[in-house]
file model38.txt (compact mmCIF, N, CA and C atoms)
# COMPACT_ATOMS: atom_id res chain seq x y z
N MET G 7 0.83 -1.19 0.00
CA MET G 7 0.00 0.00 0.00
C MET G 7 0.87 1.25 0.00
N ASN G 8 0.43 2.25 -0.73
CA ASN G 8 1.11 3.54 -0.75
C ASN G 8 0.65 4.39 0.43
N THR G 9 1.55 5.31 0.84
CA THR G 9 1.19 6.23 1.92
C THR G 9 1.33 7.67 1.43
N CYS G 10 0.60 8.55 2.08
CA CYS G 10 0.63 9.98 1.77
C CYS G 10 2.04 10.52 1.99
N LEU G 11 2.54 11.29 1.02
CA LEU G 11 3.89 11.85 1.13
C LEU G 11 4.02 12.86 2.26
N GLN G 12 2.90 13.43 2.71
CA GLN G 12 2.94 14.44 3.76
C GLN G 12 2.72 13.83 5.15
N CYS G 13 1.64 13.07 5.32
CA CYS G 13 1.27 12.62 6.67
C CYS G 13 1.45 11.11 6.88
N ASN G 14 1.83 10.40 5.85
CA ASN G 14 2.09 8.96 5.90
C ASN G 14 0.87 8.09 6.16
N GLN G 15 -0.33 8.63 5.98
CA GLN G 15 -1.54 7.80 6.09
C GLN G 15 -1.64 6.89 4.88
N THR G 16 -2.28 5.75 5.08
CA THR G 16 -2.49 4.82 3.98
C THR G 16 -3.44 5.44 2.96
N LEU G 17 -3.08 5.28 1.68
CA LEU G 17 -3.88 5.86 0.60
C LEU G 17 -4.82 4.81 0.03
N PHE G 18 -6.02 5.25 -0.32
CA PHE G 18 -7.01 4.39 -0.95
C PHE G 18 -7.39 5.03 -2.28
N GLY G 19 -7.69 4.20 -3.25
CA GLY G 19 -8.11 4.73 -4.55
C GLY G 19 -7.09 4.40 -5.62
N ARG G 20 -6.82 5.38 -6.45
CA ARG G 20 -5.93 5.18 -7.59
C ARG G 20 -4.53 4.75 -7.14
N LYS G 21 -3.90 3.92 -7.98
CA LYS G 21 -2.57 3.42 -7.66
C LYS G 21 -1.51 4.53 -7.63
N ASP G 22 -1.70 5.56 -8.46
CA ASP G 22 -0.70 6.61 -8.54
C ASP G 22 -0.98 7.79 -7.60
N LYS G 23 -1.93 7.63 -6.69
CA LYS G 23 -2.27 8.68 -5.75
C LYS G 23 -1.09 8.92 -4.79
N LYS G 24 -0.77 10.19 -4.54
CA LYS G 24 0.37 10.52 -3.69
C LYS G 24 -0.02 11.17 -2.37
N PHE G 25 -1.22 11.77 -2.31
CA PHE G 25 -1.65 12.50 -1.12
C PHE G 25 -3.06 12.07 -0.74
N CYS G 26 -3.36 12.15 0.55
CA CYS G 26 -4.68 11.73 1.01
C CYS G 26 -5.74 12.81 0.80
N ASN G 27 -5.32 14.09 0.72
CA ASN G 27 -6.27 15.18 0.49
C ASN G 27 -5.53 16.41 -0.02
N ASP G 28 -6.30 17.46 -0.35
CA ASP G 28 -5.71 18.69 -0.87
C ASP G 28 -4.84 19.40 0.16
N PHE G 29 -5.21 19.34 1.43
CA PHE G 29 -4.41 19.98 2.47
C PHE G 29 -3.00 19.39 2.50
N CYS G 30 -2.90 18.05 2.47
CA CYS G 30 -1.58 17.40 2.49
C CYS G 30 -0.79 17.73 1.22
N ARG G 31 -1.46 17.76 0.08
CA ARG G 31 -0.79 18.10 -1.18
C ARG G 31 -0.24 19.52 -1.12
N ASN G 32 -1.06 20.46 -0.66
CA ASN G 32 -0.62 21.85 -0.55
C ASN G 32 0.51 22.01 0.46
N SER G 33 0.39 21.37 1.60
CA SER G 33 1.42 21.45 2.64
C SER G 33 2.75 20.90 2.13
N TYR G 34 2.70 19.77 1.46
CA TYR G 34 3.90 19.14 0.92
C TYR G 34 4.60 20.08 -0.07
N ASN G 35 3.83 20.62 -1.02
CA ASN G 35 4.40 21.49 -2.04
C ASN G 35 4.89 22.82 -1.46
N ASN G 36 4.17 23.36 -0.48
CA ASN G 36 4.63 24.59 0.18
C ASN G 36 5.95 24.36 0.90
N ASN G 37 6.08 23.25 1.59
CA ASN G 37 7.34 22.92 2.27
C ASN G 37 8.47 22.72 1.28
N LEU G 38 8.16 22.08 0.16
CA LEU G 38 9.15 21.80 -0.87
C LEU G 38 9.68 23.10 -1.48
N ASN G 39 8.82 24.10 -1.65
CA ASN G 39 9.20 25.35 -2.32
C ASN G 39 9.52 26.48 -1.36
N ARG G 40 9.49 26.23 -0.08
CA ARG G 40 9.68 27.29 0.92
C ARG G 40 10.99 28.06 0.72
N ASP G 41 12.10 27.36 0.51
CA ASP G 41 13.40 28.03 0.36
C ASP G 41 13.41 28.94 -0.86
N LYS G 42 12.86 28.45 -1.97
CA LYS G 42 12.83 29.24 -3.20
C LYS G 42 11.98 30.48 -3.01
N VAL G 43 10.84 30.32 -2.38
CA VAL G 43 9.92 31.44 -2.16
C VAL G 43 10.57 32.47 -1.24
N GLU G 44 11.28 32.01 -0.23
CA GLU G 44 11.92 32.92 0.72
C GLU G 44 13.00 33.76 0.04
N ILE G 45 13.78 33.15 -0.85
CA ILE G 45 14.81 33.88 -1.58
C ILE G 45 14.18 34.96 -2.45
N VAL G 46 13.13 34.61 -3.17
CA VAL G 46 12.44 35.57 -4.03
C VAL G 46 11.84 36.69 -3.19
N ARG G 47 11.25 36.35 -2.07
CA ARG G 47 10.65 37.36 -1.19
C ARG G 47 11.71 38.34 -0.69
N ASN G 48 12.87 37.84 -0.29
CA ASN G 48 13.94 38.71 0.20
C ASN G 48 14.44 39.66 -0.89
N ILE G 49 14.61 39.13 -2.10
CA ILE G 49 15.06 39.96 -3.22
C ILE G 49 14.01 41.03 -3.52
N ASN G 50 12.75 40.64 -3.59
CA ASN G 50 11.68 41.61 -3.86
C ASN G 50 11.60 42.68 -2.78
N ASN G 51 11.81 42.29 -1.53
CA ASN G 51 11.80 43.27 -0.44
C ASN G 51 12.92 44.30 -0.61
N ARG G 52 14.10 43.83 -1.00
CA ARG G 52 15.22 44.76 -1.21
C ARG G 52 14.95 45.68 -2.39
N LEU G 53 14.38 45.13 -3.46
CA LEU G 53 14.04 45.96 -4.62
C LEU G 53 13.00 47.01 -4.27
N ARG G 54 11.97 46.61 -3.53
CA ARG G 54 10.93 47.56 -3.12
C ARG G 54 11.52 48.66 -2.23
N LYS G 55 12.43 48.27 -1.34
CA LYS G 55 13.05 49.26 -0.46
C LYS G 55 13.88 50.25 -1.27
N ASN G 56 14.67 49.75 -2.22
CA ASN G 56 15.45 50.64 -3.08
C ASN G 56 14.54 51.59 -3.86
N ASN G 57 13.45 51.05 -4.40
CA ASN G 57 12.49 51.86 -5.15
C ASN G 57 11.88 52.94 -4.27
N ARG G 58 11.51 52.57 -3.06
CA ARG G 58 10.91 53.51 -2.12
C ARG G 58 11.90 54.64 -1.76
N ILE G 59 13.17 54.29 -1.57
CA ILE G 59 14.20 55.29 -1.25
C ILE G 59 14.33 56.29 -2.39
N LEU G 60 14.43 55.79 -3.63
CA LEU G 60 14.59 56.68 -4.77
C LEU G 60 13.35 57.56 -4.97
N LYS G 61 12.16 56.98 -4.81
CA LYS G 61 10.93 57.76 -4.97
C LYS G 61 10.80 58.82 -3.89
N THR G 62 11.21 58.49 -2.67
CA THR G 62 11.17 59.47 -1.58
C THR G 62 12.07 60.66 -1.90
N LEU G 63 13.26 60.38 -2.40
CA LEU G 63 14.18 61.46 -2.77
C LEU G 63 13.58 62.32 -3.87
N LEU G 64 13.00 61.69 -4.88
CA LEU G 64 12.38 62.44 -5.97
C LEU G 64 11.20 63.28 -5.46
N ASP G 65 10.40 62.71 -4.56
CA ASP G 65 9.27 63.45 -3.98
C ASP G 65 9.74 64.65 -3.17
N GLU G 66 10.94 64.55 -2.59
CA GLU G 66 11.52 65.66 -1.83
C GLU G 66 12.16 66.70 -2.75
N GLY G 67 12.08 66.47 -4.06
CA GLY G 67 12.64 67.40 -5.03
C GLY G 67 14.12 67.21 -5.30
N ILE G 68 14.67 66.13 -4.82
CA ILE G 68 16.10 65.85 -5.00
C ILE G 68 16.29 65.12 -6.33
N ARG G 69 17.07 65.70 -7.22
CA ARG G 69 17.33 65.09 -8.53
C ARG G 69 18.77 64.57 -8.64
N SER G 70 19.63 65.09 -7.79
CA SER G 70 21.02 64.65 -7.75
C SER G 70 21.33 64.27 -6.31
N VAL G 71 21.87 63.07 -6.12
CA VAL G 71 22.10 62.59 -4.76
C VAL G 71 23.50 62.02 -4.64
N ASN G 72 24.08 62.20 -3.48
CA ASN G 72 25.40 61.70 -3.15
C ASN G 72 25.30 60.21 -2.81
N LYS G 73 26.31 59.47 -3.19
CA LYS G 73 26.37 58.04 -2.90
C LYS G 73 26.28 57.77 -1.39
N THR G 74 26.90 58.62 -0.60
CA THR G 74 26.86 58.47 0.86
C THR G 74 25.44 58.61 1.38
N GLU G 75 24.68 59.56 0.83
CA GLU G 75 23.29 59.76 1.25
C GLU G 75 22.46 58.51 0.95
N LEU G 76 22.66 57.92 -0.21
CA LEU G 76 21.95 56.69 -0.54
C LEU G 76 22.32 55.58 0.43
N SER G 77 23.60 55.46 0.73
CA SER G 77 24.05 54.43 1.66
C SER G 77 23.47 54.65 3.06
N LEU G 78 23.40 55.91 3.49
CA LEU G 78 22.83 56.21 4.81
C LEU G 78 21.36 55.82 4.88
N ARG G 79 20.69 55.86 3.75
CA ARG G 79 19.27 55.48 3.70
C ARG G 79 19.12 53.97 3.45
N ASN G 80 20.23 53.24 3.50
CA ASN G 80 20.27 51.78 3.31
C ASN G 80 19.92 51.35 1.90
N PHE G 81 20.25 52.17 0.91
CA PHE G 81 20.09 51.78 -0.48
C PHE G 81 21.11 50.70 -0.78
N ASP G 82 20.67 49.62 -1.43
CA ASP G 82 21.56 48.50 -1.76
C ASP G 82 21.84 48.51 -3.26
N PHE G 83 23.03 48.92 -3.64
CA PHE G 83 23.39 49.07 -5.05
C PHE G 83 23.42 47.75 -5.81
N LYS G 84 23.39 46.63 -5.12
CA LYS G 84 23.43 45.32 -5.79
C LYS G 84 22.07 44.93 -6.37
N TYR G 85 21.00 45.61 -5.95
CA TYR G 85 19.66 45.20 -6.35
C TYR G 85 19.03 46.22 -7.28
N ILE G 86 18.98 45.85 -8.57
CA ILE G 86 18.36 46.67 -9.61
C ILE G 86 17.51 45.75 -10.48
N THR G 87 16.64 46.33 -11.28
CA THR G 87 15.79 45.50 -12.14
C THR G 87 16.19 45.56 -13.60
N ASN G 88 16.92 46.60 -13.99
CA ASN G 88 17.27 46.75 -15.40
C ASN G 88 18.49 47.66 -15.53
N VAL G 89 19.22 47.48 -16.62
CA VAL G 89 20.36 48.33 -16.94
C VAL G 89 20.24 48.72 -18.41
N ASP G 90 20.38 50.01 -18.69
CA ASP G 90 20.39 50.50 -20.07
C ASP G 90 21.67 51.28 -20.31
N GLU G 91 22.18 51.16 -21.52
CA GLU G 91 23.34 51.96 -21.92
C GLU G 91 22.84 53.11 -22.77
N SER G 92 23.21 54.32 -22.40
CA SER G 92 22.87 55.50 -23.20
C SER G 92 24.15 56.18 -23.64
N LYS G 93 24.02 57.19 -24.47
CA LYS G 93 25.22 57.90 -24.91
C LYS G 93 25.91 58.63 -23.76
N ASN G 94 25.15 58.89 -22.69
CA ASN G 94 25.69 59.59 -21.52
C ASN G 94 26.19 58.65 -20.43
N GLY G 95 26.04 57.35 -20.62
CA GLY G 95 26.51 56.40 -19.62
C GLY G 95 25.48 55.34 -19.30
N THR G 96 25.73 54.60 -18.26
CA THR G 96 24.87 53.50 -17.84
C THR G 96 23.75 54.01 -16.95
N ILE G 97 22.53 53.54 -17.23
CA ILE G 97 21.37 53.89 -16.41
C ILE G 97 20.91 52.64 -15.69
N PHE G 98 20.79 52.73 -14.38
CA PHE G 98 20.33 51.62 -13.56
C PHE G 98 18.89 51.89 -13.15
N TYR G 99 18.05 50.87 -13.24
CA TYR G 99 16.64 51.02 -12.88
C TYR G 99 16.27 50.14 -11.70
N VAL G 100 15.39 50.67 -10.88
CA VAL G 100 14.72 49.89 -9.85
C VAL G 100 13.23 50.10 -10.14
N TYR G 101 12.68 49.16 -10.90
CA TYR G 101 11.32 49.27 -11.43
C TYR G 101 11.22 50.51 -12.31
N ASP G 102 10.44 51.51 -11.93
CA ASP G 102 10.19 52.67 -12.79
C ASP G 102 11.07 53.88 -12.45
N VAL G 103 11.99 53.73 -11.53
CA VAL G 103 12.88 54.83 -11.13
C VAL G 103 14.30 54.47 -11.56
N GLY G 104 14.98 55.46 -12.14
CA GLY G 104 16.34 55.22 -12.61
C GLY G 104 17.34 56.15 -11.97
N TYR G 105 18.60 55.73 -12.01
CA TYR G 105 19.68 56.59 -11.56
C TYR G 105 20.89 56.36 -12.45
N GLN G 106 21.62 57.45 -12.66
CA GLN G 106 22.79 57.41 -13.53
C GLN G 106 23.95 58.08 -12.82
N GLU G 107 25.11 57.48 -12.92
CA GLU G 107 26.29 58.03 -12.25
C GLU G 107 26.74 59.30 -12.96
N LEU G 108 26.83 60.39 -12.20
CA LEU G 108 27.35 61.65 -12.74
C LEU G 108 28.87 61.70 -12.60
N ASN G 109 29.34 61.23 -11.45
CA ASN G 109 30.77 61.07 -11.17
C ASN G 109 30.88 59.98 -10.11
N GLU G 110 32.04 59.79 -9.54
CA GLU G 110 32.23 58.68 -8.60
C GLU G 110 31.35 58.78 -7.36
N GLU G 111 30.89 59.97 -7.02
CA GLU G 111 30.15 60.15 -5.77
C GLU G 111 28.70 60.59 -5.93
N ASN G 112 28.28 60.99 -7.13
CA ASN G 112 26.94 61.55 -7.30
C ASN G 112 26.15 60.85 -8.40
N TYR G 113 24.83 60.79 -8.18
CA TYR G 113 23.93 60.15 -9.13
C TYR G 113 22.80 61.10 -9.50
N LEU G 114 22.37 61.02 -10.75
CA LEU G 114 21.21 61.74 -11.23
C LEU G 114 20.01 60.81 -11.12
N LEU G 115 18.91 61.27 -10.52
CA LEU G 115 17.71 60.46 -10.34
C LEU G 115 16.63 60.91 -11.31
N PHE G 116 15.83 59.97 -11.78
CA PHE G 116 14.68 60.30 -12.63
C PHE G 116 13.67 59.18 -12.57
N GLN G 117 12.45 59.52 -12.93
CA GLN G 117 11.37 58.53 -12.92
C GLN G 117 10.79 58.44 -14.32
N GLU G 118 10.55 57.23 -14.77
CA GLU G 118 9.98 57.00 -16.10
C GLU G 118 8.54 57.41 -16.12
call {"tool": "encode", "arguments": {"input": "model38.txt", "output": "structure tokens"}}
result
Amino acid sequence: MNTCLQCNQTLFGRKDKKFCNDFCRNSYNNNLNRDKVEIVRNINNRLRKNNRILKTLLDEGIRSVNKTELSLRNFDFKYITNVDESKNGTIFYVYDVGYQELNEENYLLFQE
């Protein structure tokens, strides 16, 4: 006899049945994918935080910002959603907000 992959109860019915009910099937798959989901959630949280920081600066009327100021606000330069090359340099995007390096210490901010 086969047993449920989640709760180990004896299964009745089809030979290829793997779970005793939908709850066990969902629990099993949620546990199986938990690590992957957590990684994606953490990345999305960092992207949202970066986006919120840039939008806050733009809402405050700030169009040029110092790298130190971004760091003080916990902006994480490793997390972006897109990169474009323009004739003026590289543009980094966090969703709909972009920033471009003006020099080693300053960035130009803009929103699409």
call {"tool": "closest_residue", "arguments": {"input": "model38.txt", "among": "G:Asn36, G:Met7, G:Val46, G:Gly104", "to": "Leu60 of chain G", "atoms": "only C-alpha atoms"}}
result
G:Gly104
call {"tool": "residues_around", "arguments": {"input": "model38.txt", "residues": "Cys26 of chain G", "least_positions_apart": "4", "cutoff": "10 Å", "atoms": "only C-alpha atoms", "output": "PyMOL selection string"}}
result
chain G and resi 9-19+30-31
call {"tool": "residues_around", "arguments": {"input": "model38.txt", "residues": "Thr87 of chain G", "least_positions_apart": "5", "cutoff": "6 Å", "atoms": "only C-alpha atoms", "output": "PDB file with N, CA and C atoms, in the frame of the given file"}}
result
ATOM      1  N   TYR G  99      18.050  50.870 -13.240  1.00  0.00           N
ATOM      2  CA  TYR G  99      16.640  51.020 -12.880  1.00  0.00           C
ATOM      3  C   TYR G  99      16.270  50.140 -11.700  1.00  0.00           C
ATOM      4  N   VAL G 100      15.390  50.670 -10.880  1.00  0.00           N
ATOM      5  CA  VAL G 100      14.720  49.890  -9.850  1.00  0.00           C
ATOM      6  C   VAL G 100      13.230  50.100 -10.140  1.00  0.00           C
ATOM      7  N   TYR G 101      12.680  49.160 -10.900  1.00  0.00           N
ATOM      8  CA  TYR G 101      11.320  49.270 -11.430  1.00  0.00           C
ATOM      9  C   TYR G 101      11.220  50.510 -12.310  1.00  0.00           C
TER      10      TYR G 101
END
call {"tool": "residues_around", "arguments": {"input": "model38.txt", "residues": "Asn72 of chain G", "least_positions_apart": "5", "cutoff": "5 Å", "atoms": "only N, CA and C atoms", "output": "ChimeraX atom specification"}}
result
/G:111-113
call {"tool": "residues_around", "arguments": {"input": "model38.txt", "residues": "Tyr85 of chain G", "least_positions_apart": "5", "cutoff": "10 Å", "atoms": "only C-alpha atoms", "output": "list in words"}}
result
Ile49, Asn50, Arg52, Leu53, Arg54, Lys55, Asn56, Asn57, Phe98, Tyr99 and Val100 of chain G
call {"tool": "closest_residue", "arguments": {"input": "model38.txt", "among": "G:Asn88, G:Lys21, G:Asp102, G:Phe29", "to": "Arg58 of chain G", "atoms": "only C-alpha atoms"}}
result
G:Asp102
call {"tool": "residues_around", "arguments": {"input": "model38.txt", "residues": "Gln106 of chain G", "least_positions_apart": "4", "cutoff": "12 Å", "atoms": "only C-alpha atoms", "output": "list of chain:residue names"}}
result
G:Arg69, G:Ser70, G:Val71, G:Asn72, G:Lys73, G:Phe83, G:Val89, G:Asp90, G:Glu91, G:Ser92, G:Lys93, G:Asn94, G:Gly95, G:Thr96, G:Ile97, G:Phe98, G:Tyr99, G:Val100, G:Glu110, G:Glu111, G:Asn112, G:Tyr113, G:Leu114, G:Leu115, G:Phe116, G:Gln117
call {"tool": "write_last_selection", "arguments": {"input": "model38.txt", "atoms": "N, CA and C atoms", "output": "compact mmCIF listing (two decimals), in the frame of the given file"}}
result
# COMPACT_ATOMS: atom_id res chain seq x y z
N ARG G 69 17.07 65.70 -7.22
CA ARG G 69 17.33 65.09 -8.53
C ARG G 69 18.77 64.57 -8.64
N SER G 70 19.63 65.09 -7.79
CA SER G 70 21.02 64.65 -7.75
C SER G 70 21.33 64.27 -6.31
N VAL G 71 21.87 63.07 -6.12
CA VAL G 71 22.10 62.59 -4.76
C VAL G 71 23.50 62.02 -4.64
N ASN G 72 24.08 62.20 -3.48
CA ASN G 72 25.40 61.70 -3.15
C ASN G 72 25.30 60.21 -2.81
N LYS G 73 26.31 59.47 -3.19
CA LYS G 73 26.37 58.04 -2.90
C LYS G 73 26.28 57.77 -1.39
N PHE G 83 23.03 48.92 -3.64
CA PHE G 83 23.39 49.07 -5.05
C PHE G 83 23.42 47.75 -5.81
N VAL G 89 19.22 47.48 -16.62
CA VAL G 89 20.36 48.33 -16.94
C VAL G 89 20.24 48.72 -18.41
N ASP G 90 20.38 50.01 -18.69
CA ASP G 90 20.39 50.50 -20.07
C ASP G 90 21.67 51.28 -20.31
N GLU G 91 22.18 51.16 -21.52
CA GLU G 91 23.34 51.96 -21.92
C GLU G 91 22.84 53.11 -22.77
N SER G 92 23.21 54.32 -22.40
CA SER G 92 22.87 55.50 -23.20
C SER G 92 24.15 56.18 -23.64
N LYS G 93 24.02 57.19 -24.47
CA LYS G 93 25.22 57.90 -24.91
C LYS G 93 25.91 58.63 -23.76
N ASN G 94 25.15 58.89 -22.69
CA ASN G 94 25.69 59.59 -21.52
C ASN G 94 26.19 58.65 -20.43
N GLY G 95 26.04 57.35 -20.62
CA GLY G 95 26.51 56.40 -19.62
C GLY G 95 25.48 55.34 -19.30
N THR G 96 25.73 54.60 -18.26
CA THR G 96 24.87 53.50 -17.84
C THR G 96 23.75 54.01 -16.95
N ILE G 97 22.53 53.54 -17.23
CA ILE G 97 21.37 53.89 -16.41
C ILE G 97 20.91 52.64 -15.69
N PHE G 98 20.79 52.73 -14.38
CA PHE G 98 20.33 51.62 -13.56
C PHE G 98 18.89 51.89 -13.15
N TYR G 99 18.05 50.87 -13.24
CA TYR G 99 16.64 51.02 -12.88
C TYR G 99 16.27 50.14 -11.70
N VAL G 100 15.39 50.67 -10.88
CA VAL G 100 14.72 49.89 -9.85
C VAL G 100 13.23 50.10 -10.14
N GLU G 110 32.04 59.79 -9.54
CA GLU G 110 32.23 58.68 -8.60
C GLU G 110 31.35 58.78 -7.36
N GLU G 111 30.89 59.97 -7.02
CA GLU G 111 30.15 60.15 -5.77
C GLU G 111 28.70 60.59 -5.93
N ASN G 112 28.28 60.99 -7.13
CA ASN G 112 26.94 61.55 -7.30
C ASN G 112 26.15 60.85 -8.40
N TYR G 113 24.83 60.79 -8.18
CA TYR G 113 23.93 60.15 -9.13
C TYR G 113 22.80 61.10 -9.50
N LEU G 114 22.37 61.02 -10.75
CA LEU G 114 21.21 61.74 -11.23
C LEU G 114 20.01 60.81 -11.12
N LEU G 115 18.91 61.27 -10.52
CA LEU G 115 17.71 60.46 -10.34
C LEU G 115 16.63 60.91 -11.31
N PHE G 116 15.83 59.97 -11.78
CA PHE G 116 14.68 60.30 -12.63
C PHE G 116 13.67 59.18 -12.57
N GLN G 117 12.45 59.52 -12.93
CA GLN G 117 11.37 58.53 -12.92
C GLN G 117 10.79 58.44 -14.32
call {"tool": "atom_distance", "arguments": {"input": "model38.txt", "atom1": "atom CA of Thr62 of chain G", "atom2": "atom CA of Val43 of chain G"}}
result
28.1 Å
call {"tool": "select_by_dssp", "arguments": {"input": "model38.txt", "residues": "chain G", "states": "strand (DSSP E)", "output": "PyMOL selection string"}}
result
chain G and resi 70-72+88-92+95-100+103-107+112-117
call {"tool": "atom_distance", "arguments": {"input": "model38.txt", "atom1": "atom N of Lys61 of chain G", "atom2": "atom CA of Val103 of chain G"}}
result
6.7 Å
call {"tool": "atom_distance", "arguments": {"input": "model38.txt", "atom1": "atom CA of Glu107 of chain G", "atom2": "atom C of Asn51 of chain G"}}
result
22.4 Å
call {"tool": "select_by_dssp", "arguments": {"input": "model38.txt", "residues": "chain G", "states": "alpha helix (DSSP H)", "output": "PyMOL selection string"}}
result
chain G and resi 28-65+73-78
call {"tool": "axis_aligned_box", "arguments": {"input": "model38.txt", "around": "segment 46-52 of chain G", "padding_each_side": "5 Å", "output": "JSON"}}
result
{"center_x": 12.9, "center_y": 40.1, "center_z": -1.9, "size_x": 14.6, "size_y": 21.1, "size_z": 14.2}
call {"tool": "closest_residue", "arguments": {"input": "model38.txt", "among": "G:Tyr105, G:Lys84, G:Arg47, G:Asn35", "to": "Ile68 of chain G", "atoms": "only C-alpha atoms"}}
result
G:Tyr105
call {"tool": "decode", "arguments": {"input": "model38.txt", "residues": "segment 62-79 of chain G", "atoms": "N, CA and C atoms", "output": "compact mmCIF listing (two decimals), in the first residue's frame"}}
result
# COMPACT_ATOMS: atom_id res chain seq x y z
N THR G 62 11.21 58.49 -2.67
CA THR G 62 11.17 59.47 -1.58
C THR G 62 12.07 60.66 -1.90
N LEU G 63 13.26 60.38 -2.40
CA LEU G 63 14.18 61.46 -2.77
C LEU G 63 13.58 62.32 -3.87
N LEU G 64 13.00 61.69 -4.88
CA LEU G 64 12.38 62.44 -5.97
C LEU G 64 11.20 63.28 -5.46
N ASP G 65 10.40 62.71 -4.56
CA ASP G 65 9.27 63.45 -3.98
C ASP G 65 9.74 64.65 -3.17
N GLU G 66 10.94 64.55 -2.59
CA GLU G 66 11.52 65.66 -1.83
C GLU G 66 12.16 66.70 -2.75
N GLY G 67 12.08 66.47 -4.06
CA GLY G 67 12.64 67.40 -5.03
C GLY G 67 14.12 67.21 -5.30
N ILE G 68 14.67 66.13 -4.82
CA ILE G 68 16.10 65.85 -5.00
C ILE G 68 16.29 65.12 -6.33
N ARG G 69 17.07 65.70 -7.22
CA ARG G 69 17.33 65.09 -8.53
C ARG G 69 18.77 64.57 -8.64
N SER G 70 19.63 65.09 -7.79
CA SER G 70 21.02 64.65 -7.75
C SER G 70 21.33 64.27 -6.31
N VAL G 71 21.87 63.07 -6.12
CA VAL G 71 22.10 62.59 -4.76
C VAL G 71 23.50 62.02 -4.64
N ASN G 72 24.08 62.20 -3.48
CA ASN G 72 25.40 61.70 -3.15
C ASN G 72 25.30 60.21 -2.81
N LYS G 73 26.31 59.47 -3.19
CA LYS G 73 26.37 58.04 -2.90
C LYS G 73 26.28 57.77 -1.39
N THR G 74 26.90 58.62 -0.60
CA THR G 74 26.86 58.47 0.86
C THR G 74 25.44 58.61 1.38
N GLU G 75 24.68 59.56 0.83
CA GLU G 75 23.29 59.76 1.25
C GLU G 75 22.46 58.51 0.95
N LEU G 76 22.66 57.92 -0.21
CA LEU G 76 21.95 56.69 -0.54
C LEU G 76 22.32 55.58 0.43
N SER G 77 23.60 55.46 0.73
CA SER G 77 24.05 54.43 1.66
C SER G 77 23.47 54.65 3.06
N LEU G 78 23.40 55.91 3.49
CA LEU G 78 22.83 56.21 4.81
C LEU G 78 21.36 55.82 4.88
N ARG G 79 20.69 55.86 3.75
CA ARG G 79 19.27 55.48 3.70
C ARG G 79 19.12 53.97 3.45
